[in-house]
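Have a look at the structure below, then the notes.
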Amino acid sequence: VQLQASGGGLVQAGDSLRLSCIASGHIFSNYGMGWFRQAPGKEREFVAVVSRNGENTYYADPVKGRFTISRDNAKNLVYLQMNSLKPEDTAVYYCAAGEETDDYGVEYWTKSDFGWWGQGTQVTVSS
């Protein structure tokens, strides 16, 4: 499984960005997909996850109402639409994939449930 994230950049507070992650090397629709971020000096933290069929999404509290995760299974793409960006959103953003099963939904997943990770894309929000 290979994941490649893109779309990061330098923006001002209040702006929007859309991150993309393209996946290859597996049956994309079998995998739950997530976004994580890591700020300097901090641990990598969960941002959002979407189930394999795209119907279920879950978000970390700091981004609820501002970020939207979505996926296009026909194109092997997962997106993170980020609106109303804040300086505290500054981080390297990583997409990640994990095999989803019927008896363990993505709402229960932790970082360890994601077995594959992309290389990260930098998002910098200036005040």
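Naming scheme: A, B, ... for chains in displayed order of the structure tokens; residues 1 onward per chain; ligands 1 onward as shown.
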Env of Glu99 in chain A: 7 Å cut, atoms = only C-alpha atoms, seq-sep filter 2 positions within chain, self excluded. Answer as a CSV table (one decimal) with N, CA and C atoms, in the first residue's frame.
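Below you can see out_14.csv, which holds the result:
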```csv
chain,number,residue,atom,x,y,z
A,30,ASN,N,-11.6,-1.3,0.4
A,30,ASN,CA,-11.6,-2.2,1.6
A,30,ASN,C,-11.0,-1.5,2.8
A,31,TYR,N,-10.5,-0.3,2.7
A,31,TYR,CA,-9.7,0.3,3.7
A,31,TYR,C,-10.4,1.6,4.3
A,32,GLY,N,-10.4,1.7,5.6
A,32,GLY,CA,-10.7,2.9,6.2
A,32,GLY,C,-9.5,3.9,6.0
A,97,ALA,N,-4.0,4.5,6.2
A,97,ALA,CA,-5.0,3.5,5.8
A,97,ALA,C,-4.9,2.3,6.8
A,101,THR,N,-13.0,-4.0,8.9
A,101,THR,CA,-13.8,-5.2,8.9
A,101,THR,C,-15.2,-4.9,9.4
```
- Counting only C-alpha atoms, what is within 8 Å of Glu107 in chain A, bar same-chain residues fewer than 6 positions away, as number ranges by chain? A: 49, 57-58
Produce a file of the selected residues containing C-alpha atoms, as a tab-separated table (two decimals), in the first residue's frame.
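Output contents, as saved in part23.tsv:
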```tsv
chain	number	residue	atom	x	y	z
A	49	VAL	CA	-11.36	9.11	9.69
A	57	THR	CA	-16.91	9.99	9.37
A	58	TYR	CA	-15.44	10.96	12.73
```
- Go through A:Gln81, A:Gln122, A:Gln12, A:Ser20 and flag the residue nearest Ala96 in chain A, using only C-alpha atoms for the distances. A:Ser20
- Between CA of Gln2 in chain A and CA of Gly25 in chain A, what is the distance, to one decimal in Å? 6.1 Å
- Considering only C-alpha atoms, return as a PyMOL selection string whatever protein or nucleic-acid residues lie within 12 Å of Ser29 in chain A, sequence-local ones (same chain, fewer than 3 positions apart) excluded. chain A and resi 23-26+32-33+50-55+71-78+97-101
- Skip Ala39 in chain A itself and residues of its chain fewer than 6 positions away, then list as a list in words all residues within 7 Å of it, counting only C-alpha atoms.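 My list of contacting residues is Thr90, Ala91 and Val92 of chain A.
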